[in-house]
$ cat work-v6.cif   # mmCIF, C-alpha atoms
data_model
#
loop_
_atom_site.label_atom_id
_atom_site.label_comp_id
_atom_site.auth_asym_id
_atom_site.auth_seq_id
_atom_site.Cartn_x
_atom_site.Cartn_y
_atom_site.Cartn_z
CA MET A 59 56.92 85.32 93.44
CA ILE A 60 59.18 82.83 95.21
CA ASN A 61 58.59 84.50 98.57
CA CYS A 62 54.84 84.28 98.06
CA LEU A 63 55.10 80.59 97.28
CA ILE A 64 57.10 79.95 100.41
CA VAL A 65 54.48 81.74 102.48
CA ASN A 66 51.75 79.64 100.86
CA ILE A 67 53.66 76.46 101.59
CA GLU A 68 54.09 77.37 105.24
CA ALA A 69 50.39 78.22 105.56
CA THR A 70 49.49 74.90 103.98
CA GLU A 71 51.72 73.08 106.44
CA GLU A 72 49.96 74.68 109.38
CA ASN A 73 46.42 73.94 108.16
CA ILE A 74 46.90 70.35 106.96
CA PRO A 75 46.71 67.62 109.63
CA VAL A 76 49.82 65.66 110.42
CA GLU A 77 48.21 62.43 109.10
CA PRO A 78 48.59 61.22 106.50
CA ALA A 79 52.19 62.30 105.76
CA LYS A 80 52.16 61.26 102.09
CA GLU A 81 49.18 63.46 101.22
CA GLN A 82 50.82 66.42 102.95
CA SER A 83 54.05 66.09 100.99
CA SER A 84 52.20 65.84 97.67
CA GLU A 85 50.20 68.98 98.40
CA MET A 86 53.32 70.79 99.45
CA PHE A 87 55.08 70.26 96.14
CA GLU A 88 52.31 70.37 93.57
CA GLU A 89 51.46 74.07 93.80
CA PRO A 90 55.04 75.50 93.63
CA THR A 91 55.89 73.23 90.68
CA GLU A 92 52.95 74.60 88.71
CA ALA A 93 53.83 78.19 89.62
CA PHE A 94 57.43 77.75 88.59
CA SER A 95 56.41 76.26 85.26
CA ILE A 96 54.32 79.38 84.57
CA GLU A 97 57.20 81.59 85.62
CA ASN A 98 59.59 79.80 83.29
CA LYS A 99 57.33 80.48 80.30
CA LEU A 100 57.90 84.22 80.56
CA THR A 101 60.35 85.50 77.94
CA THR A 102 62.19 88.75 78.55
CA ILE A 103 64.60 90.43 76.16
CA THR A 104 66.00 93.92 75.64
CA ALA A 105 65.94 95.79 72.34
CA ARG A 106 66.58 99.23 70.95
CA ALA A 107 63.67 101.46 70.06
CA LYS A 108 62.88 105.01 68.96
CA VAL A 109 60.42 107.36 70.61
CA ILE A 110 57.75 108.31 68.07
CA GLU A 111 55.41 110.06 70.48
CA ALA A 112 56.56 111.66 73.74
CA GLY A 113 53.63 112.28 76.07
CA GLN A 114 53.12 114.21 79.26
CA VAL A 115 54.85 113.70 82.60
CA ILE A 116 52.68 112.29 85.40
CA GLU A 117 53.30 112.04 89.15
CA HIS A 118 52.00 109.02 91.07
CA ASN A 119 51.78 108.60 94.84
CA ILE A 120 51.55 104.95 95.88
CA GLU A 121 51.87 104.17 99.61
CA ASN A 122 54.11 107.17 100.35
CA ILE A 123 56.22 106.44 97.28
CA LYS A 124 56.36 109.24 94.73
CA GLU A 125 56.97 108.10 91.16
CA VAL A 126 57.37 110.40 88.17
CA THR A 127 56.68 108.79 84.79
CA GLN A 128 56.25 109.88 81.19
CA GLU A 129 53.86 108.36 78.70
CA VAL A 130 55.67 107.45 75.50
CA LYS A 131 55.06 105.50 72.33
CA VAL A 132 58.02 103.66 70.83
CA ILE A 133 58.81 101.62 67.74
CA ILE A 134 61.30 98.74 68.00
CA THR A 135 64.28 99.25 65.68
CA GLY A 136 66.03 95.89 66.02
CA GLY A 137 65.54 92.23 66.86
CA GLU A 138 62.58 89.90 66.37
CA TYR A 139 60.07 92.61 67.33
CA LYS A 140 61.44 95.12 64.83
CA GLY A 141 58.78 97.46 63.49
CA GLU A 142 56.29 96.85 66.30
CA GLU A 143 54.93 99.80 68.27
CA PHE A 144 54.25 99.90 72.00
CA ALA A 145 52.63 102.45 74.29
CA THR A 146 54.44 102.40 77.61
CA ASN A 147 55.81 104.51 80.48
CA TYR A 148 59.31 105.77 81.20
CA VAL A 149 60.15 106.17 84.90
CA LEU A 150 61.91 109.49 85.44
CA SER A 151 62.36 109.32 89.23
CA TYR A 152 65.43 107.64 90.68
CA ASP A 153 64.41 107.58 94.36
CA ILE A 154 61.27 106.75 96.32
CA GLU A 155 60.59 110.38 97.25
CA GLY A 156 60.90 111.76 93.73
CA LYS A 157 63.73 114.14 94.60
CA ILE A 158 65.94 113.01 91.74
CA VAL A 159 64.17 113.23 88.38
CA GLY A 160 65.79 112.56 85.02
CA TYR A 161 65.33 114.34 81.71
CA LYS A 162 62.07 113.64 79.92
CA LEU A 163 62.17 112.01 76.50
CA SER A 164 61.55 113.76 73.21
CA ASP A 165 60.41 112.54 69.81
CA GLY A 166 63.25 110.78 68.02
CA ASN A 167 65.20 109.76 71.12
CA ASN A 168 66.75 106.30 70.98
CA VAL A 169 65.96 104.16 74.03
CA ILE A 170 66.47 100.66 75.40
CA VAL A 171 63.25 98.72 75.93
CA GLN A 172 62.64 95.59 77.98
CA ILE A 173 60.09 93.37 76.20
CA THR A 174 58.27 90.61 78.08
CA GLU A 175 56.06 87.96 76.51
CA ASP A 176 54.00 85.56 78.65
CA GLU A 177 52.67 82.08 77.82
CA SER A 178 49.48 83.55 76.35
CA GLY A 179 51.40 85.67 73.84
CA ASN A 180 50.72 88.97 75.63
CA ILE A 181 53.60 91.37 75.04
CA THR A 182 54.51 94.31 77.26
CA ALA A 183 57.35 96.80 76.84
CA ILE A 184 59.01 99.09 79.36
CA VAL A 185 61.55 101.80 78.59
CA ILE A 186 64.47 101.16 80.94
CA ASP A 187 67.15 103.55 79.73
CA VAL A 188 68.33 105.99 77.07
CA VAL A 189 70.86 104.99 74.41
CA ARG A 190 73.89 107.18 75.11
CA SER A 191 76.63 105.34 73.22
CA GLY A 192 76.11 107.43 70.10
CA TYR A 193 76.79 110.68 71.94
CA ILE A 194 79.92 109.25 73.56
CA THR A 195 81.18 108.08 70.16
CA PHE A 196 80.55 111.50 68.61
CA MET A 197 82.29 113.24 71.50
CA PHE A 198 85.29 110.92 71.20
CA ILE A 199 85.57 111.56 67.44
CA LEU A 200 85.34 115.31 68.11
CA PHE A 201 88.13 114.96 70.69
CA LEU A 202 90.41 113.10 68.27
CA GLY A 203 89.63 115.59 65.50
CA SER A 204 90.55 118.50 67.77
CA ILE A 205 93.90 116.89 68.60
CA ILE A 206 94.74 116.40 64.91
CA LEU A 207 93.50 119.88 63.90
CA ILE A 208 95.54 121.71 66.52
CA GLY A 209 98.48 119.33 66.89
CA GLY A 210 99.12 118.60 63.23
CA LYS A 211 101.55 115.70 62.67
CA LYS A 212 102.33 115.47 66.37
CA GLY A 213 98.63 115.46 67.07
CA LEU A 214 98.23 112.54 64.66
CA LYS A 215 100.94 110.67 66.59
CA ALA A 216 99.14 111.48 69.83
CA VAL A 217 95.90 110.05 68.44
CA LEU A 218 97.69 106.86 67.40
CA ALA A 219 99.19 106.53 70.88
CA LEU A 220 95.80 107.16 72.44
CA LEU A 221 94.14 104.45 70.36
CA ILE A 222 96.86 101.99 71.35
CA THR A 223 96.23 102.91 74.99
CA PHE A 224 92.51 102.18 74.70
CA LEU A 225 93.16 98.88 72.93
CA ALA A 226 95.75 97.84 75.52
CA ILE A 227 93.44 98.63 78.44
CA TYR A 228 90.51 96.71 76.98
CA PHE A 229 92.13 93.77 75.20
CA ILE A 230 94.98 93.21 77.67
CA LEU A 231 94.25 94.66 81.11
CA ILE A 232 90.50 94.09 81.34
CA LYS A 233 90.56 90.77 79.49
CA LEU A 234 93.38 89.35 81.64
CA ILE A 235 91.75 90.40 84.92
CA PHE A 236 88.39 89.07 83.77
CA GLN A 237 89.99 85.72 82.95
CA GLY A 238 91.37 85.45 86.47
CA TYR A 239 94.95 86.69 86.08
CA SER A 240 96.54 88.86 88.78
CA ALA A 241 95.33 92.45 88.55
CA ILE A 242 98.68 93.68 89.90
CA TRP A 243 100.86 92.07 87.23
CA SER A 244 98.31 92.74 84.52
CA SER A 245 98.25 96.45 85.34
CA VAL A 246 102.05 96.70 85.59
CA GLY A 247 102.49 94.91 82.25
CA THR A 248 99.81 97.03 80.56
CA ALA A 249 101.31 100.23 81.98
CA THR A 250 104.74 99.23 80.65
CA LEU A 251 103.34 98.52 77.19
CA ILE A 252 101.40 101.79 77.09
CA THR A 253 104.42 103.77 78.27
CA ILE A 254 106.80 102.27 75.71
CA SER A 255 104.40 102.54 72.77
CA THR A 256 103.31 106.10 73.58
CA LEU A 257 106.78 107.49 74.15
CA VAL A 258 108.28 105.75 71.11
CA ILE A 259 105.49 106.98 68.84
CA ILE A 260 105.81 110.54 70.08
CA GLY A 261 109.58 110.83 70.66
CA GLY A 262 111.21 108.03 68.66
CA ILE A 263 113.93 105.77 70.04
CA ASN A 264 116.63 107.66 71.94
CA LYS A 265 117.98 108.31 75.40
CA LYS A 266 115.37 110.99 76.04
CA VAL A 267 112.56 108.50 75.52
CA LEU A 268 114.38 105.84 77.55
CA THR A 269 114.75 108.31 80.40
CA ALA A 270 111.11 109.33 80.27
CA GLY A 271 110.04 105.68 80.24
CA ILE A 272 112.14 104.76 83.27
CA GLY A 273 110.93 107.82 85.17
CA THR A 274 107.30 107.11 84.28
CA LEU A 275 107.38 103.47 85.35
CA GLY A 276 109.30 104.37 88.49
CA GLY A 277 106.66 106.91 89.50
CA VAL A 278 103.75 104.63 88.62
CA ILE A 279 105.12 101.66 90.56
CA SER A 280 105.89 103.97 93.50
CA ALA A 281 102.27 105.11 93.50
CA GLY A 282 101.08 101.50 93.49
CA ILE A 283 103.40 100.47 96.33
CA ILE A 284 102.36 103.44 98.48
CA ALA A 285 98.69 102.69 97.82
CA SER A 286 99.17 99.03 98.73
CA ILE A 287 100.92 99.84 102.00
CA PHE A 288 98.36 102.35 103.19
CA SER A 289 95.37 100.32 101.97
CA TYR A 290 96.69 97.44 104.10
CA LEU A 291 97.22 99.69 107.14
CA ALA A 292 93.76 101.25 106.69
CA LYS A 293 92.16 97.78 106.26
CA MET A 294 90.77 98.68 102.83
CA SER A 295 88.76 95.90 101.20
CA GLY A 296 88.66 97.60 97.80
CA ALA A 297 84.95 96.85 97.53
CA CYS A 298 82.90 100.02 97.20
CA GLU A 299 79.10 100.04 97.26
CA GLU A 300 78.84 99.60 93.49
CA ALA A 301 81.21 96.63 93.56
CA ILE A 302 79.23 94.98 96.35
CA GLN A 303 75.95 95.38 94.48
CA LEU A 304 77.41 93.98 91.25
CA SER A 305 79.19 91.10 92.98
CA ILE A 306 75.81 89.80 94.19
CA ASN A 307 75.02 88.76 90.61
CA MET A 308 78.41 87.11 90.05
CA THR A 309 78.27 83.33 90.40
CA THR A 310 81.29 82.04 88.49
CA ILE A 311 83.73 84.96 88.78
CA ASN A 312 85.32 86.26 91.96
CA PHE A 313 87.49 89.36 91.64
CA ASN A 314 90.23 90.34 94.09
CA PHE A 315 89.07 93.85 94.94
CA ARG A 316 92.25 94.69 96.83
CA GLU A 317 94.29 94.03 93.71
CA LEU A 318 91.78 95.98 91.65
CA LEU A 319 92.35 98.99 93.89
CA PHE A 320 96.08 98.74 93.14
CA SER A 321 95.38 98.32 89.43
CA GLY A 322 93.11 101.36 89.31
CA ILE A 323 95.74 103.58 90.91
CA ILE A 324 98.41 102.32 88.50
CA ILE A 325 96.33 103.22 85.46
CA ALA A 326 95.05 106.49 86.95
CA SER A 327 98.55 107.76 87.72
CA LEU A 328 100.10 106.58 84.44
CA GLY A 329 99.12 109.60 82.33
CA ALA A 330 100.31 112.18 84.85
CA CYS A 331 103.61 110.39 85.50
CA MET A 332 104.22 110.02 81.74
CA ASP A 333 103.55 113.73 81.25
CA VAL A 334 106.00 114.72 83.98
CA GLY A 335 108.66 112.23 82.87
CA MET A 336 108.56 113.37 79.24
CA SER A 337 108.54 117.06 80.20
CA ILE A 338 111.64 116.75 82.36
CA ALA A 339 113.47 114.50 79.89
CA SER A 340 112.72 116.87 76.98
CA SER A 341 113.83 119.90 78.98
CA LEU A 342 117.11 118.27 79.99
CA ASP A 343 117.68 117.01 76.46
CA GLU A 344 117.31 120.52 75.11
CA LEU A 345 119.61 121.86 77.82
CA LYS A 346 122.26 119.24 77.05
CA SER A 347 122.10 119.96 73.32
CA LYS A 348 122.76 123.68 73.97
CA MET A 349 125.38 123.14 76.68
CA SER A 350 127.25 119.96 75.77
CA GLU A 351 129.91 120.57 78.44
CA ILE A 352 127.46 120.70 81.34
CA HIS A 353 128.31 118.33 84.21
CA TRP A 354 125.92 115.52 85.00
CA LYS A 355 125.42 116.85 88.53
CA GLU A 356 124.29 120.17 87.08
CA LEU A 357 121.92 118.30 84.81
CA PHE A 358 120.42 116.58 87.83
CA LYS A 359 119.99 119.88 89.67
CA SER A 360 118.36 121.45 86.63
CA GLY A 361 116.01 118.51 86.31
CA MET A 362 115.01 118.82 89.95
CA ASN A 363 114.39 122.55 89.58
CA ILE A 364 112.21 121.97 86.52
CA GLY A 365 110.36 119.19 88.33
CA LYS A 366 109.63 121.34 91.38
CA ASP A 367 107.61 123.72 89.22
CA ILE A 368 105.72 120.83 87.62
CA ILE A 369 104.93 119.08 90.90
CA GLY A 370 102.74 121.89 92.23
CA THR A 371 100.43 122.15 89.23
CA MET A 372 100.30 118.44 88.41
CA SER A 373 99.53 117.39 91.99
CA ASN A 374 96.81 120.02 92.09
CA THR A 375 95.38 118.62 88.88
CA LEU A 376 95.15 115.09 90.25
CA ILE A 377 93.65 116.15 93.57
CA LEU A 378 91.05 118.31 91.84
CA VAL A 379 90.09 115.47 89.47
CA TYR A 380 89.39 113.10 92.35
CA VAL A 381 87.61 115.76 94.41
CA GLY A 382 85.44 116.63 91.43
CA SER A 383 84.41 113.00 91.03
CA SER A 384 83.55 112.71 94.75
CA ILE A 385 81.81 116.02 95.41
CA THR A 386 78.31 114.55 94.95
CA LEU A 387 79.10 111.77 97.40
CA ILE A 388 80.49 114.22 99.96
CA LEU A 389 77.37 116.39 99.76
CA LEU A 390 75.11 113.35 100.20
CA PHE A 391 77.02 112.30 103.30
CA MET A 392 76.75 115.84 104.69
CA ALA A 393 73.00 115.82 103.99
CA CYS A 394 72.79 112.77 106.27
CA ASN A 395 74.21 114.89 109.14
CA MET A 396 77.51 113.02 109.12
CA SER A 397 80.53 114.74 110.66
CA ILE A 398 83.71 115.25 108.65
CA ILE A 399 85.41 112.50 110.68
CA ASP A 400 82.64 110.04 109.84
CA ILE A 401 82.80 111.03 106.18
CA LEU A 402 86.56 110.49 106.05
CA ASN A 403 86.07 107.03 107.53
CA LYS A 404 83.73 105.90 104.74
CA GLU A 405 85.65 103.41 102.61
CA THR A 406 84.11 104.67 99.37
CA LEU A 407 85.52 108.14 99.98
CA VAL A 408 88.78 106.88 101.45
CA GLU A 409 89.43 105.03 98.19
CA GLU A 410 89.22 108.30 96.28
CA ILE A 411 91.47 110.09 98.77
CA LEU A 412 93.99 107.25 98.73
CA SER A 413 94.03 107.20 94.93
CA ALA A 414 94.50 110.97 94.71
CA ILE A 415 97.36 111.08 97.22
CA ALA A 416 99.10 107.96 95.88
CA SER A 417 98.89 109.23 92.29
CA SER A 418 100.26 112.62 93.34
CA MET A 419 103.13 110.94 95.18
CA GLY A 420 103.83 108.94 92.03
CA VAL A 421 104.22 112.24 90.18
CA VAL A 422 106.53 113.52 92.92
CA PHE A 423 108.79 110.45 92.68
CA THR A 424 108.83 110.64 88.88
CA VAL A 425 110.80 113.89 89.09
CA PRO A 426 113.98 112.66 90.85
CA ILE A 427 113.90 109.30 89.05
CA THR A 428 113.75 110.99 85.64
CA ALA A 429 116.31 113.67 86.48
CA PHE A 430 118.78 111.16 87.92
CA THR A 431 118.33 108.70 85.04
CA TYR A 432 118.92 111.34 82.37
CA SER A 433 121.97 112.82 84.11
CA LEU A 434 123.40 109.33 84.61
CA LEU A 435 122.91 108.30 80.98
CA ASN A 436 124.41 111.59 79.78
CA ARG A 437 127.31 111.93 82.19
CA ASP A 438 129.78 111.80 79.26
CA LYS A 439 130.47 115.41 78.23
CA THR A 440 131.04 114.50 74.57
CA ILE A 441 127.74 112.70 74.12
CA TYR A 442 126.47 115.67 72.12
CA ASN A 443 128.35 117.47 69.36
CA SER A 444 126.42 120.58 68.49
CA LYS A 445 128.29 121.41 65.27
CA PRO A 446 131.79 120.75 63.95
CA ALA A 447 134.15 123.00 65.89
CA ASN A 448 137.28 122.89 63.66
CA LYS A 449 137.86 125.96 61.56
CA ILE A 450 140.04 126.43 58.48
CA ASN A 451 140.56 129.99 57.30
CA GLY A 452 137.80 131.22 59.56
CA LYS A 453 135.29 128.71 58.18
CA ARG A 454 133.71 125.81 60.06
CA THR A 455 134.51 122.37 58.68
CA LEU A 456 133.92 118.74 59.60
CA LYS A 457 135.86 117.00 62.34
CA LEU A 458 138.36 114.50 61.10
#

$ encode --input "work-v6.cif" --output "structure tokens"
Amino acid sequence: MINCLIVNIEATEENIPVEPAKEQSSEMFEEPTEAFSIENKLTTITARAKVIEAGQVIEHNIENIKEVTQEVKVIITGGEYKGEEFATNYVLSYDIEGKIVGYKLSDGNNVIVQITEDESGNITAIVIDVVRSGYITFMFILFLGSIILIGGKKGLKAVLALLITFLAIYFILIKLIFQGYSAIWSSVGTATLITISTLVIIGGINKKVLTAGIGTLGGVISAGIIASIFSYLAKMSGACEEAIQLSINMTTINFNFRELLFSGIIIASLGACMDVGMSIASSLDELKSKMSEIHWKELFKSGMNIGKDIIGTMSNTLILVYVGSSITLILLFMACNMSIIDILNKETLVEEILSAIASSMGVVFTVPITAFTYSLLNRDKTIYNSKPANKINGKRTLKL
């Protein structure tokens, strides 16, 4: 609309004589003002609705653009238009050639509708998306129920720790970054809080938990430092295509995407590093309880040997997670006849590779940090007393 007005203004300028200047300026501004006043009278809102009649799928070809739509009838389920019915179309195609087509709607599906009302009171509705939050909520409840059903009391503790993690990420990490605080310090602080709360809930307060916490934070911070160094050397901006598109609409908020890259790697590597740290600390704690006379150097060697077995599988897990999330992007780049070198130079993909490698290196560094910390804290041979060793008449009794 605005572009059309500008074109009309320019055409008016060319056709109107130079004299008189006052008449020209009045004609130049009258028409756009009227158009903008009409535009401002349009009211657009979004509301939830339910499909009450799912029609057939139709293909349209408009100027070499293929569009696949479905005729549907919906009833608004909330807001000022609640109870009203609209016959509209749902666009199934995601691209101009109709290669990517979404699932068609069925009766009873919940959708999001964009409702527009003009100055004359004419109302139009367009289905813009499907409501998916309910399915995500059900899946999350099923996930928590599975943990409690199989894990029992420990599973219940795991669920509590998981809920604290979600709350910390949303109400601390995301809120602080959104309010303009440093993403680096916000992520480090949130990671520390999550680590302490999770390990204390699951393992209590003891040297084993302290060791696992130190090893976890050491590995996570190592991953962040490595990512920061190589993102600087590789001239990474941290702004992927999605971030660039979304930042266009931001007028009052300006995020530091380089810090966000660091923050994302910190949070992504936290779970794996915590898993490795707790596994090694628990193994060494069990070993120390069975062999109280073991030397701290032997404890360190045992921890390293245990960690070597964990490193292979855990690093594989992280790499596969990131590759799985990028496989669609890789295939699309290959479909554009891009060489592997060109693909590896794309910043969007390099971010995933950098995150995968940095997170895996965080896991690797968690092993020696945890093993050394535990052996150092338990270097005293008498730190554990398995059972009273004094015997009177062949019977075990308490130490005095």

$ residues_around --input "work-v6.cif" --residues "Ile377 in chain A" --least-positions-apart "4" --cutoff "8 Å" --atoms "all atoms listed in the file" --output "MDAnalysis selection string"
chainID A and resid 373 381 414:415 418

$ residues_around --input "work-v6.cif" --residues "range 402-405 of chain A" --least-positions-apart "2" --cutoff "9 Å" --atoms "all atoms listed in the file" --output "list in words"
Met294, Ser295, Gly296, Ala297, Cys298, Ser397, Ile398, Ile399, Asp400, Leu407, Val408, Glu409, Glu410 and Ile411 of chain A

$ closest_residue --input "work-v6.cif" --among "A:Ser321, A:Asn122, A:Ser417, A:Ser384" --to "Ile401 in chain A" --atoms "only C-alpha atoms"
A:Ser384

$ resolve_selection --input "work-v6.cif" --expression "the PyMOL selection byres ((chain A and resi 157) around 12)" --output "PyMOL selection string"
chain A and resi 117+123-126+150-156+158-160

$ atom_distance --input "work-v6.cif" --atom1 "CA of Phe315 in chain A" --atom2 "CA of Met392 in chain A"
27.0 Å

$ resolve_selection --input "work-v6.cif" --expression "the PyMOL selection byres ((chain A and resi 260-276) around 9)" --output "ChimeraX atom specification"
/A:212,215-216,219,246,249-250,253-259,277-281,328-340,342-343,420-421,423-432,435-436

$ atom_distance --input "work-v6.cif" --atom1 "CA of Met419 in chain A" --atom2 "CA of Ile284 in chain A"
8.2 Å

$ residues_near_point --input "work-v6.cif" --point "(63.2, 100.6, 66.6)" --cutoff "10 Å" --atoms "all atoms listed in the file" --output "PyMOL selection string"
chain A and resi 105-110+132-137+139-143+168-171

$ residues_around --input "work-v6.cif" --residues "Ile116 in chain A" --least-positions-apart "5" --cutoff "8 Å" --atoms "only C-alpha atoms" --output "list in words"
Val126, Thr127, Gln128 and Glu129 of chain A

$ write_last_selection --input "work-v6.cif" --atoms "C-alpha atoms" --output "CSV table (one decimal), keeping the file's coordinate frame"
chain,number,residue,atom,x,y,z
A,126,VAL,CA,57.4,110.4,88.2
A,127,THR,CA,56.7,108.8,84.8
A,128,GLN,CA,56.2,109.9,81.2
A,129,GLU,CA,53.9,108.4,78.7

$ closest_residue --input "work-v6.cif" --among "A:Glu344, A:Glu175, A:Glu121, A:Glu138" --to "Leu100 in chain A" --atoms "only C-alpha atoms"
A:Glu175

$ axis_aligned_box --input "work-v6.cif" --around "range 421-429 of chain A" --padding-each-side "4 Å" --output "lines of an AutoDock Vina configuration file"
center_x = 110.3
center_y = 111.6
center_z = 89.3
size_x = 20.1
size_y = 12.6
size_z = 15.3

$ closest_residue --input "work-v6.cif" --among "A:Ser244, A:Thr146, A:Thr182, A:Ser327" --to "Thr102 in chain A" --atoms "only C-alpha atoms"
A:Thr182

$ atom_distance --input "work-v6.cif" --atom1 "CA of Gly210 in chain A" --atom2 "CA of Leu251 in chain A"
24.8 Å

$ closest_residue --input "work-v6.cif" --among "A:Ala416, A:Gln172, A:Ser164, A:Asn363" --to "Leu376 in chain A" --atoms "all atoms listed in the file"
A:Ala416

$ residues_around --input "work-v6.cif" --residues "range 229-234 of chain A" --least-positions-apart "4" --cutoff "8 Å" --atoms "only C-alpha atoms" --output "PyMOL selection string"
chain A and resi 225+238-241+244-245+248

$ closest_residue --input "work-v6.cif" --among "A:Phe196, A:Tyr161, A:Phe236, A:Phe358" --to "Leu318 in chain A" --atoms "only C-alpha atoms"
A:Phe236

$ closest_residue --input "work-v6.cif" --among "A:Ile199, A:Ile227, A:Leu220, A:Val422" --to "Gly365 in chain A" --atoms "all atoms listed in the file"
A:Val422
